[in-house]
Each structure stands twice: as C-alpha cells, then as structure tokens.
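**Q** Structure file structure-v5.tsv, TSV, C-alpha atoms, is pasted below:
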chain	number	residue	atom	x	y	z
A	1	MET	CA	67.83	90.48	101.73
A	2	THR	CA	70.78	92.38	100.26
A	3	ILE	CA	74.17	90.80	99.57
A	4	GLU	CA	75.56	92.75	102.53
A	5	GLN	CA	72.90	91.28	104.84
A	6	GLN	CA	73.50	87.66	103.83
A	7	ASP	CA	75.50	85.37	106.05
A	8	HIS	CA	76.79	81.83	105.71
A	9	ALA	CA	73.80	80.36	107.57
A	10	SER	CA	71.28	82.00	105.23
A	11	THR	CA	73.05	80.76	102.10
A	12	GLU	CA	72.28	77.30	100.79
A	13	ASN	CA	75.45	75.23	100.90
A	14	ALA	CA	75.92	73.53	97.57
A	15	MET	CA	78.94	71.71	99.02
A	16	ALA	CA	77.03	69.71	101.63
A	17	PRO	CA	76.88	66.26	100.01
A	18	GLU	CA	74.87	63.35	101.32
A	19	ASP	CA	76.48	61.53	104.22
A	20	THR	CA	77.79	58.25	102.85
A	21	PRO	CA	80.40	55.67	103.92
A	22	GLU	CA	82.57	56.92	101.06
A	23	LEU	CA	82.34	60.53	102.26
A	24	ARG	CA	83.17	59.54	105.84
A	25	GLN	CA	86.17	57.60	104.56
A	26	LEU	CA	87.28	60.64	102.57
A	27	TYR	CA	87.16	62.81	105.70
A	28	ALA	CA	89.01	60.15	107.70
A	29	ASP	CA	91.74	60.07	105.05
A	30	PHE	CA	91.93	63.89	105.18
A	31	GLU	CA	92.47	63.70	108.95
A	32	LYS	CA	95.12	61.01	108.55
A	33	GLU	CA	97.11	63.29	106.25
A	34	ASN	CA	96.54	66.40	108.43
A	35	LEU	CA	94.18	67.98	105.92
A	36	ILE	CA	90.99	69.97	106.58
A	37	PRO	CA	88.62	70.94	103.76
A	38	LEU	CA	87.61	74.60	103.49
A	39	TRP	CA	83.94	73.83	102.91
A	40	THR	CA	83.57	72.56	106.50
A	41	GLN	CA	85.45	75.53	108.00
A	42	LEU	CA	84.16	78.55	106.07
A	43	ASP	CA	82.21	80.14	108.93
A	44	GLU	CA	85.26	80.17	111.21
A	45	LEU	CA	87.96	80.96	108.67
A	46	MET	CA	86.09	83.55	106.63
A	47	PRO	CA	83.35	85.18	108.72
A	48	MET	CA	81.14	87.83	107.17
A	49	HIS	CA	82.72	90.37	109.55
A	50	PRO	CA	85.32	90.12	112.36
A	51	ALA	CA	84.15	87.73	115.08
A	52	PRO	CA	86.76	88.16	117.82
A	53	LYS	CA	87.22	85.64	120.60
A	54	ALA	CA	88.43	88.51	122.79
A	55	VAL	CA	85.58	90.26	124.59
A	56	PRO	CA	85.08	93.84	125.79
A	57	HIS	CA	86.11	94.11	129.43
A	58	VAL	CA	86.73	96.75	132.11
A	59	TRP	CA	89.40	96.49	134.84
A	60	ARG	CA	88.99	98.74	137.90
A	61	TRP	CA	92.03	100.66	139.16
A	62	SER	CA	90.58	100.36	142.65
A	63	ASN	CA	91.10	96.59	142.34
A	64	LEU	CA	94.31	96.58	140.31
A	65	LEU	CA	96.39	98.83	142.57
A	66	PRO	CA	95.77	96.97	145.87
A	67	LEU	CA	96.64	93.66	144.18
A	68	ALA	CA	99.86	95.18	142.85
A	69	GLN	CA	100.65	96.48	146.34
A	70	ARG	CA	100.12	93.02	147.80
A	71	SER	CA	102.45	91.53	145.20
A	72	GLY	CA	105.03	94.12	146.25
A	73	ASP	CA	104.82	92.83	149.82
A	74	LEU	CA	105.12	89.17	148.83
A	75	VAL	CA	107.13	88.90	145.61
A	76	PRO	CA	110.70	90.27	145.27
A	77	VAL	CA	111.76	91.88	142.02
A	78	GLY	CA	114.93	90.71	140.28
A	79	ARG	CA	116.64	88.48	137.78
A	80	GLY	CA	114.59	85.55	136.49
A	81	GLY	CA	111.11	87.01	136.85
A	82	GLU	CA	112.59	90.40	135.84
A	83	ARG	CA	109.54	92.56	136.51
A	84	ARG	CA	106.72	92.75	139.05
A	85	ALA	CA	104.20	93.13	136.23
A	86	ILE	CA	100.66	91.74	136.39
A	87	ALA	CA	99.06	91.24	132.98
A	88	LEU	CA	95.42	91.99	132.21
A	89	SER	CA	94.01	88.77	130.77
A	90	ASN	CA	91.04	89.00	128.43
A	91	PRO	CA	88.23	86.66	129.62
A	92	GLY	CA	87.64	85.60	126.02
A	93	LEU	CA	91.26	84.41	125.67
A	94	PRO	CA	91.56	82.07	128.67
A	95	GLY	CA	94.98	80.71	129.50
A	96	ASN	CA	96.77	83.66	127.89
A	97	ALA	CA	98.12	86.79	129.53
A	98	TYR	CA	96.81	88.84	126.61
A	99	ILE	CA	94.44	91.78	126.71
A	100	SER	CA	93.80	91.23	122.97
A	101	PRO	CA	95.19	88.96	120.23
A	102	THR	CA	97.88	91.57	119.42
A	103	LEU	CA	98.38	93.58	122.62
A	104	TRP	CA	99.65	92.97	126.16
A	105	ALA	CA	98.92	95.31	129.06
A	106	ALA	CA	99.97	95.11	132.68
A	107	ILE	CA	100.25	97.07	135.88
A	108	GLN	CA	103.88	97.19	137.04
A	109	TYR	CA	104.86	97.92	140.63
A	110	LEU	CA	108.27	98.95	141.98
A	111	GLY	CA	108.83	99.31	145.71
A	112	PRO	CA	110.94	101.87	147.57
A	113	LYS	CA	114.64	101.83	146.59
A	114	GLU	CA	114.08	98.79	144.35
A	115	THR	CA	115.82	98.18	141.03
A	116	ALA	CA	114.50	96.05	138.17
A	117	PRO	CA	117.53	94.66	136.27
A	118	GLU	CA	118.26	95.48	132.65
A	119	HIS	CA	117.25	93.30	129.73
A	120	ARG	CA	116.14	93.71	126.15
A	121	HIS	CA	113.68	91.98	123.85
A	122	SER	CA	112.35	92.18	120.32
A	123	GLN	CA	108.92	93.26	121.53
A	124	ASN	CA	108.11	96.97	121.52
A	125	ALA	CA	107.08	98.44	124.87
A	126	PHE	CA	105.86	101.64	126.50
A	127	ARG	CA	104.90	102.88	129.95
A	128	PHE	CA	102.13	105.29	130.91
A	129	VAL	CA	101.98	106.84	134.39
A	130	VAL	CA	98.54	107.55	135.85
A	131	GLU	CA	99.92	108.62	139.25
A	132	GLY	CA	103.17	108.85	141.20
A	133	GLU	CA	106.79	109.72	140.54
A	134	GLY	CA	110.29	108.87	141.71
A	135	VAL	CA	111.22	106.10	139.25
A	136	TRP	CA	113.70	106.44	136.40
A	137	THR	CA	113.70	103.99	133.51
A	138	VAL	CA	117.13	103.65	131.91
A	139	VAL	CA	116.88	102.96	128.16
A	140	ASN	CA	120.15	102.13	126.40
A	141	GLY	CA	121.99	103.95	129.17
A	142	ASP	CA	119.79	107.08	129.08
A	143	PRO	CA	117.97	107.76	132.41
A	144	VAL	CA	114.36	108.85	131.80
A	145	ARG	CA	112.26	110.35	134.60
A	146	MET	CA	108.79	108.83	135.04
A	147	SER	CA	106.07	111.18	136.30
A	148	ARG	CA	102.29	111.50	136.27
A	149	GLY	CA	100.84	111.76	132.77
A	150	ASP	CA	104.09	110.88	131.02
A	151	PHE	CA	104.17	108.47	128.06
A	152	LEU	CA	107.52	106.67	127.88
A	153	LEU	CA	108.98	104.48	125.14
A	154	THR	CA	111.12	101.35	125.16
A	155	PRO	CA	111.32	100.31	121.49
A	156	GLY	CA	112.28	96.77	120.65
A	157	TRP	CA	115.86	95.58	121.35
A	158	ASN	CA	116.71	98.52	123.62
A	159	PHE	CA	118.29	97.55	126.95
A	160	HIS	CA	116.19	98.89	129.82
A	161	GLY	CA	115.82	98.70	133.60
A	162	HIS	CA	114.10	100.76	136.29
A	163	HIS	CA	115.15	102.14	139.66
A	164	ASN	CA	113.09	103.77	142.39
A	165	GLU	CA	114.98	106.51	144.24
A	166	THR	CA	112.28	107.25	146.82
A	167	ASP	CA	110.85	105.77	149.99
A	168	GLN	CA	107.47	105.31	148.28
A	169	PRO	CA	106.34	102.63	145.81
A	170	MET	CA	105.20	103.51	142.30
A	171	ALA	CA	102.89	101.80	139.81
A	172	TRP	CA	102.29	102.37	136.12
A	173	ILE	CA	100.93	100.50	133.10
A	174	ASP	CA	103.02	98.69	130.52
A	175	GLY	CA	101.90	98.06	126.95
A	176	LEU	CA	103.65	95.69	124.54
A	177	ASP	CA	103.06	93.80	121.29
A	178	ILE	CA	103.83	90.43	122.95
A	179	PRO	CA	100.85	88.47	121.52
A	180	PHE	CA	101.58	89.62	117.97
A	181	SER	CA	105.29	88.84	118.38
A	182	HIS	CA	104.52	85.45	119.90
A	183	TYR	CA	102.08	84.49	117.15
A	184	THR	CA	104.54	85.46	114.42
A	185	ASP	CA	107.56	83.83	116.16
A	186	VAL	CA	109.80	86.91	116.06
A	187	GLY	CA	110.78	87.13	119.72
A	188	PHE	CA	114.33	87.37	121.06
A	189	PHE	CA	115.39	88.12	124.66
A	190	GLU	CA	118.74	88.98	126.24
A	191	PHE	CA	119.78	89.68	129.83
A	192	GLY	CA	121.66	92.90	130.55
A	193	SER	CA	123.19	94.44	133.65
A	194	GLU	CA	122.10	93.09	137.03
A	195	ARG	CA	121.45	96.69	138.07
A	196	VAL	CA	121.05	99.66	135.71
A	197	THR	CA	123.88	101.22	133.75
A	198	ASP	CA	123.24	104.78	134.98
A	199	TYR	CA	121.74	105.75	138.35
A	200	ALA	CA	121.59	109.46	137.51
A	201	THR	CA	118.26	111.21	138.12
A	202	PRO	CA	118.07	114.06	135.57
A	203	ASN	CA	114.84	115.94	135.00
A	204	PHE	CA	115.19	115.37	131.27
A	205	SER	CA	116.82	112.52	129.40
A	206	ARG	CA	119.44	113.05	126.71
A	207	GLY	CA	116.92	112.05	124.06
A	208	GLU	CA	114.48	114.72	125.23
A	209	ARG	CA	117.18	117.38	125.32
A	210	LEU	CA	118.03	116.62	121.70
A	211	TRP	CA	114.59	115.97	120.18
A	212	THR	CA	111.80	117.82	122.02
A	213	HIS	CA	112.12	121.36	120.67
A	214	PRO	CA	108.91	122.11	118.73
A	215	GLY	CA	109.36	122.16	114.97
A	216	LEU	CA	113.14	121.81	115.21
A	217	ARG	CA	115.15	118.79	114.09
A	218	PRO	CA	118.82	118.33	114.97
A	219	LEU	CA	121.09	118.11	111.94
A	220	SER	CA	122.89	115.31	113.75
A	221	GLY	CA	119.68	113.25	113.39
A	222	LEU	CA	118.55	113.54	109.78
A	223	GLN	CA	118.20	109.79	109.27
A	224	ASP	CA	114.67	108.47	109.84
A	225	THR	CA	114.32	105.94	112.64
A	226	VAL	CA	111.91	102.98	112.94
A	227	SER	CA	110.81	104.10	116.41
A	228	SER	CA	110.76	107.53	118.01
A	229	PRO	CA	114.06	108.73	119.53
A	230	ILE	CA	112.09	110.55	122.25
A	231	GLY	CA	112.18	108.61	125.52
A	232	ALA	CA	109.39	110.53	127.25
A	233	TYR	CA	106.41	112.57	126.03
A	234	ARG	CA	105.73	114.85	128.97
A	235	TRP	CA	102.30	115.53	130.43
A	236	GLU	CA	102.71	119.29	130.38
A	237	HIS	CA	102.96	119.27	126.57
A	238	THR	CA	100.04	116.85	126.16
A	239	ASP	CA	97.86	118.89	128.50
A	240	ARG	CA	98.71	122.16	126.75
A	241	ALA	CA	97.93	120.75	123.30
A	242	LEU	CA	94.53	119.45	124.39
A	243	THR	CA	93.69	122.68	126.22
A	244	GLU	CA	94.48	124.76	123.14
A	245	GLN	CA	92.33	122.54	120.90
A	246	LEU	CA	89.29	123.12	123.10
A	247	LEU	CA	90.02	126.85	123.39
A	248	LEU	CA	90.22	127.08	119.60
A	249	GLU	CA	86.94	125.19	119.31
A	250	SER	CA	85.35	127.74	121.66
A	251	GLU	CA	86.61	130.46	119.32
A	252	GLY	CA	84.86	128.76	116.39
A	253	GLN	CA	87.98	127.22	114.85
A	254	PRO	CA	88.11	123.63	113.49
A	255	ALA	CA	90.58	122.21	116.01
A	256	THR	CA	88.82	119.15	117.52
A	257	VAL	CA	87.87	115.75	116.09
A	258	GLU	CA	84.28	116.05	117.31
A	259	GLN	CA	82.34	118.67	119.24
A	260	GLY	CA	83.91	118.80	122.70
A	261	HIS	CA	86.43	116.08	121.85
A	262	ALA	CA	90.12	117.04	121.67
A	263	ALA	CA	92.74	114.42	120.81
A	264	ILE	CA	96.43	114.09	120.02
A	265	ARG	CA	98.62	111.32	118.62
A	266	TYR	CA	102.14	110.76	119.89
A	267	VAL	CA	104.45	110.68	116.85
A	268	ASN	CA	107.96	109.81	115.79
A	269	PRO	CA	109.58	113.19	114.95
A	270	THR	CA	111.79	111.64	112.27
A	271	THR	CA	108.86	110.39	110.19
A	272	GLY	CA	105.67	112.01	111.51
A	273	GLY	CA	104.29	108.48	111.87
A	274	ASP	CA	103.56	106.30	114.87
A	275	VAL	CA	106.02	106.15	117.76
A	276	MET	CA	106.67	102.43	117.18
A	277	PRO	CA	105.98	100.15	114.21
A	278	THR	CA	103.35	98.01	115.97
A	279	ILE	CA	101.72	100.35	118.51
A	280	ARG	CA	99.80	103.61	118.16
A	281	ALA	CA	99.34	105.88	121.18
A	282	GLU	CA	96.91	108.76	121.62
A	283	PHE	CA	95.39	110.94	124.31
A	284	HIS	CA	91.75	112.06	124.31
A	285	ARG	CA	89.97	114.78	126.28
A	286	LEU	CA	86.20	115.28	126.38
A	287	ARG	CA	84.43	118.31	127.77
A	288	ALA	CA	81.88	117.58	130.49
A	289	GLY	CA	78.72	116.38	128.74
A	290	ALA	CA	80.42	115.49	125.45
A	291	VAL	CA	79.50	112.24	123.69
A	292	THR	CA	81.51	110.62	120.92
A	293	GLN	CA	80.02	109.02	117.84
A	294	GLY	CA	79.71	105.25	118.00
A	295	ARG	CA	82.24	103.40	115.85
A	296	ARG	CA	83.63	100.02	114.94
A	297	GLU	CA	87.27	99.52	113.97
A	298	VAL	CA	89.32	96.60	112.71
A	299	GLY	CA	92.04	95.85	115.27
A	300	SER	CA	92.06	96.15	119.04
A	301	THR	CA	92.44	99.15	121.30
A	302	VAL	CA	92.95	99.73	125.02
A	303	PHE	CA	92.06	102.82	127.08
A	304	GLN	CA	93.04	103.97	130.56
A	305	VAL	CA	91.19	106.80	132.28
A	306	PHE	CA	93.72	109.41	133.37
A	307	GLU	CA	91.34	111.80	135.06
A	308	GLY	CA	87.63	112.45	135.41
A	309	THR	CA	84.48	110.36	135.25
A	310	GLY	CA	82.27	109.15	132.43
A	311	GLN	CA	80.99	106.09	130.65
A	312	VAL	CA	82.01	103.82	127.81
A	313	VAL	CA	79.39	101.92	125.83
A	314	LEU	CA	80.85	98.61	124.65
A	315	ASP	CA	78.71	96.56	122.28
A	316	GLY	CA	75.57	98.18	123.72
A	317	THR	CA	76.50	97.82	127.40
A	318	GLU	CA	77.30	100.95	129.42
A	319	HIS	CA	80.14	100.92	131.96
A	320	SER	CA	80.91	103.74	134.39
A	321	LEU	CA	84.57	104.77	134.55
A	322	ALA	CA	86.83	106.60	137.00
A	323	THR	CA	90.52	107.47	137.23
A	324	GLY	CA	92.82	104.55	136.45
A	325	ASP	CA	90.15	102.22	135.06
A	326	MET	CA	91.14	100.34	131.91
A	327	PHE	CA	89.06	98.73	129.17
A	328	VAL	CA	89.69	96.85	125.94
A	329	VAL	CA	87.77	97.16	122.68
A	330	PRO	CA	88.24	94.04	120.50
A	331	SER	CA	88.10	94.21	116.72
A	332	TRP	CA	84.79	95.42	115.25
A	333	VAL	CA	83.09	95.90	118.62
A	334	GLU	CA	81.07	99.13	118.66
A	335	TRP	CA	82.12	101.67	121.27
A	336	SER	CA	81.49	105.27	122.29
A	337	LEU	CA	82.39	107.55	125.19
A	338	GLN	CA	80.39	110.05	127.22
A	339	ALA	CA	81.81	112.45	129.79
A	340	GLU	CA	80.33	113.46	133.14
A	341	SER	CA	83.21	115.73	134.12
A	342	ARG	CA	86.19	116.68	131.99
A	343	PHE	CA	87.27	113.24	130.84
A	344	ASP	CA	90.91	112.45	129.99
A	345	LEU	CA	91.86	109.07	128.52
A	346	PHE	CA	95.09	107.51	127.26
A	347	ARG	CA	94.66	105.12	124.33
A	348	PHE	CA	96.88	102.59	122.58
A	349	SER	CA	96.14	100.22	119.72
A	350	ASP	CA	97.53	97.92	117.04
A	351	ALA	CA	96.53	100.37	114.28
A	352	PRO	CA	100.01	100.53	112.65
A	353	ILE	CA	99.83	96.78	111.98
A	354	MET	CA	96.32	96.99	110.54
A	355	GLU	CA	97.17	99.96	108.34
A	356	ARG	CA	100.49	98.60	107.08
A	357	LEU	CA	98.78	95.32	106.10
A	358	HIS	CA	95.81	97.20	104.59
A	359	PHE	CA	93.27	95.54	106.88
A	360	ALA	CA	92.17	98.80	108.56
A	361	ARG	CA	88.49	99.64	108.32
A	362	THR	CA	86.25	101.93	110.38
A	363	LYS	CA	82.47	102.06	110.47
A	364	LEU	CA	80.88	105.11	112.07
A	365	GLU	CA	77.38	104.94	113.48
A	366	GLY	CA	75.14	105.88	110.57
A	367	GLY	CA	77.85	105.49	107.94
A	368	ALA	CA	81.12	103.89	106.86
A	369	ARG	CA	84.61	105.13	106.08
Could you rewrite the structure in this file as structure tokens?

**A**
Amino acid sequence: MTIEQQDHASTENAMAPEDTPELRQLYADFEKENLIPLWTQLDELMPMHPAPKAVPHVWRWSNLLPLAQRSGDLVPVGRGGERRAIALSNPGLPGNAYISPTLWAAIQYLGPKETAPEHRHSQNAFRFVVEGEGVWTVVNGDPVRMSRGDFLLTPGWNFHGHHNETDQPMAWIDGLDIPFSHYTDVGFFEFGSERVTDYATPNFSRGERLWTHPGLRPLSGLQDTVSSPIGAYRWEHTDRALTEQLLLESEGQPATVEQGHAAIRYVNPTTGGDVMPTIRAEFHRLRAGAVTQGRREVGSTVFQVFEGTGQVVLDGTEHSLATGDMFVVPSWVEWSLQAESRFDLFRFSDAPIMERLHFARTKLEGGAR
C-alpha cells in the first residue's frame, strides 16, 4: 500500500491508550472545560480527502416551476418576506436552505404587475433566466431588463428590487453566497424603497451602455472594481461566443476546452477576473454526442440546463437532464457530462473562494492537475 492509498483506519493508532478510570476522568475533565482532543477527532477534522456532507442531487424544472406557480397563487410578495424565492435544499444538509456549504440557489417567481421592494445585503447575488421576459431588476437605481439566457448581477450592498410590467408571471434562478456569508458572520441587511426607485423599462441599462463595447474601456472607469460594473450579460453575446468556438474547432483551430465542448466565463471587465469575489459563472455548450472528461474539484458547483438533453454522471450514477433541470456537485465528487442533442448549461461555483485561499485542486480522470 502506498502512502497515497493509506487512510486513518488502515494506520495503527499509537495514541489509543488503554481504557482506564484515569483516562475516563481525563476526558471528563476535558469536556468540563469545553476541550476536545485531536486524537479522537482526526478522521472528521482531517480526512484523507474531502468528505462532504452535501450530496449530489438533481432538481427537475418540471417540478420546480409548478411549485413556484402555486406559491404565486397563495403567497403575496412584499416587505418582510421580501422575495417569493424557494431555495433548493441539499438533502445532505438537512434543516438548511443551502444547495452546498457555500452556495444558495433558488427559483424566484414574480406575478403579473407585481413589484418586489428594494433592499440590500452584504451577500453577493445573481440571476439567470432560463425562460420568460418582462421583468426589470433595478440595481442602485439602474433598471436592467431580464430576458431569456441573460446573466444578471447584484453584487453585495447594492440596493435592488424587481418589477413585472406584463400580464404574465416570470420565474428565474437566484444564486448567492449566503451559506459562506452566514458561516463567516459577515452579513448585513438594510431595507430600501417600498417600491423601486426607477420604473423605466429600457432595453439596455446604463451600465451596459457604458461597459459592454468589446475591447473598449471607458476612461471614466479606469479604477478596478471588486465586482463587475456590467448589470447584464446578454444571451446574444454568450450564444455568439460559443457558436464561434465550435466553428473554429470545425476549422481545426484550438478554440474549445475539449472536443465538442465550448465554454465561456463571465468576467469583470475592470480586472479580467471573476464577476464577483465569491462566485464564478460560466456557460458550457456540448455538441450532440460529446462527452466531457470525468473530474473532481475542490469546492462546490451548480448547473442549470438551459437547452437540450443529455446526462450527468455524479459519483458513478447517471441522471438524465432536460431544459431547466438543476444539479449540484459537492466538493471532490466526480462528475462528467454527455450530450444527446446540443447541450447548453449555465454553471456557477465558489471557485474564487477556493482559489484565493489556495485550496483549489482538480483531479482529471486518469491524471491530476
């Protein structure tokens, strides 16, 4: 057995003394003083590899959306509860509205002509729209249109509210760093306007008009910002980027991350880094028939299928997926994707935290990196 193959159970414990009245008294005195010895906790505190309590899980859009619609019929939106948002709770983390130990994900539902009042919080947030339109989110007074395929930001401590200008309801997913913020005790919250500060419905927000010109940076914005100043990353740009990657691959150019696998990362244009300090967001497209290499990664990640059908293999178990379905990959759980049709998936993760703290590690099937 190599050193890498050893585990705690296969190693003789030299610190397992004979059970005596004196030893039991020592442990009782430890407990009295709120002390716990490492040698009785090593397996849990220092496992040989990540052993997450969170488990891989798939949520079906065909179940999520009807439940959100029912909540829209029964539960008003407004001050106090603030949002009609239904969190995806990981079965391995019972009692918590967490999809992973660091990430929170929910389906949010806004009915016709409804307004969700403004507030702000320390936690970083985003929205991703798998279908529908007609809602504007107002972030620090800037109205941002929400439409299918758009990725929208609400960085921490930005006032924000939503208003639906149509006669139809709309649903989308929210992602936040609530569990990480809760665990580290950094959360603040503040109420804002009872309505929203601007009911305008422009096609493009002021932030987009200033910042979304390819390769061009306004001289009025030369200072780097912690989070991206872009309020919305539009689907038409994401789609075009992925299409061009696969076209270049067909021409024999090295443009994709794997054969038949195009991917982009949403970035902060002031730094070239992640859009927010605690959350990474990407979009992946697989050609029909493409299969990704199996991998394990430190940290947790969440996917939502935007379009198409395929499968995800989570820790050896295959799950079929369709539009809107969501799944979570806990830390160090092996996963891979395979596409039946063209397969488009939105992804977000806690990678910026893992990388900044130098905990990031990836193991590819058949090798390590």

**Q** Taking all atoms listed in the file into account, name the residue in A:Thr278, A:Gln25, A:Ser228, A:Thr362 that is nearest to A:Asp177.

**A**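 Nearest candidate to A:Asp177 out of A:Thr278, A:Gln25, A:Ser228, A:Thr362: A:Thr278.
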
**Q** Would you mind listing, for every residue of stretch 115-205 of chain A within 12 Å of stretch 236-258 of chain A, the two atoms forming the shortest contact and the distance between them in Å to one decimal, using only C-alpha atoms, sorted by chain and ascending residue number, as a Markdown table?

**A**
| residue | atom | partner | partner_atom | distance |
| --- | --- | --- | --- | --- |
| A:Ser147 | CA | A:Glu236 | CA | 10.6 |
| A:Arg148 | CA | A:Glu236 | CA | 9.8 |
| A:Gly149 | CA | A:Glu236 | CA | 8.1 |
| A:Asp150 | CA | A:Glu236 | CA | 8.5 |
| A:Phe151 | CA | A:Thr238 | CA | 9.5 |

**Q** Could you work out an axis-aligned bounding box for all listed atoms of stretch 289-308 of chain A, with 4 Å added on each of the six sides, and give its centre and edge lengths in Å to one decimal, as lines of an AutoDock Vina configuration file?

**A**
center_x = 86.2
center_y = 106.1
center_z = 124.1
size_x = 23.0
size_y = 28.5
size_z = 30.7

**Q** Identify, on the basis of only C-alpha atoms, every residue whose closest approach to A:Thr309 does not exceed 12 Å; exclude the query and any residue fewer than 2 positions from it along the same chain; express the result as a PyMOL selection string.

**A** chain A and resi 285-290+304-307+311-312+319-325+337-345

**Q** Rounded to one decimal in Å, what is the spacing between atom CA of A:Ala116 and atom CA of A:Arg79?

**A**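 Interatomic distance, atom CA of A:Ala116 to atom CA of A:Arg79: 7.9 Å.
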
**Q** Counting all atoms listed in the file, what is within 10 Å of A:Pro352, bar same-chain residues fewer than 3 positions away, as a PyMOL selection string?

**A** chain A and resi 273-280+299+349+355-358+360
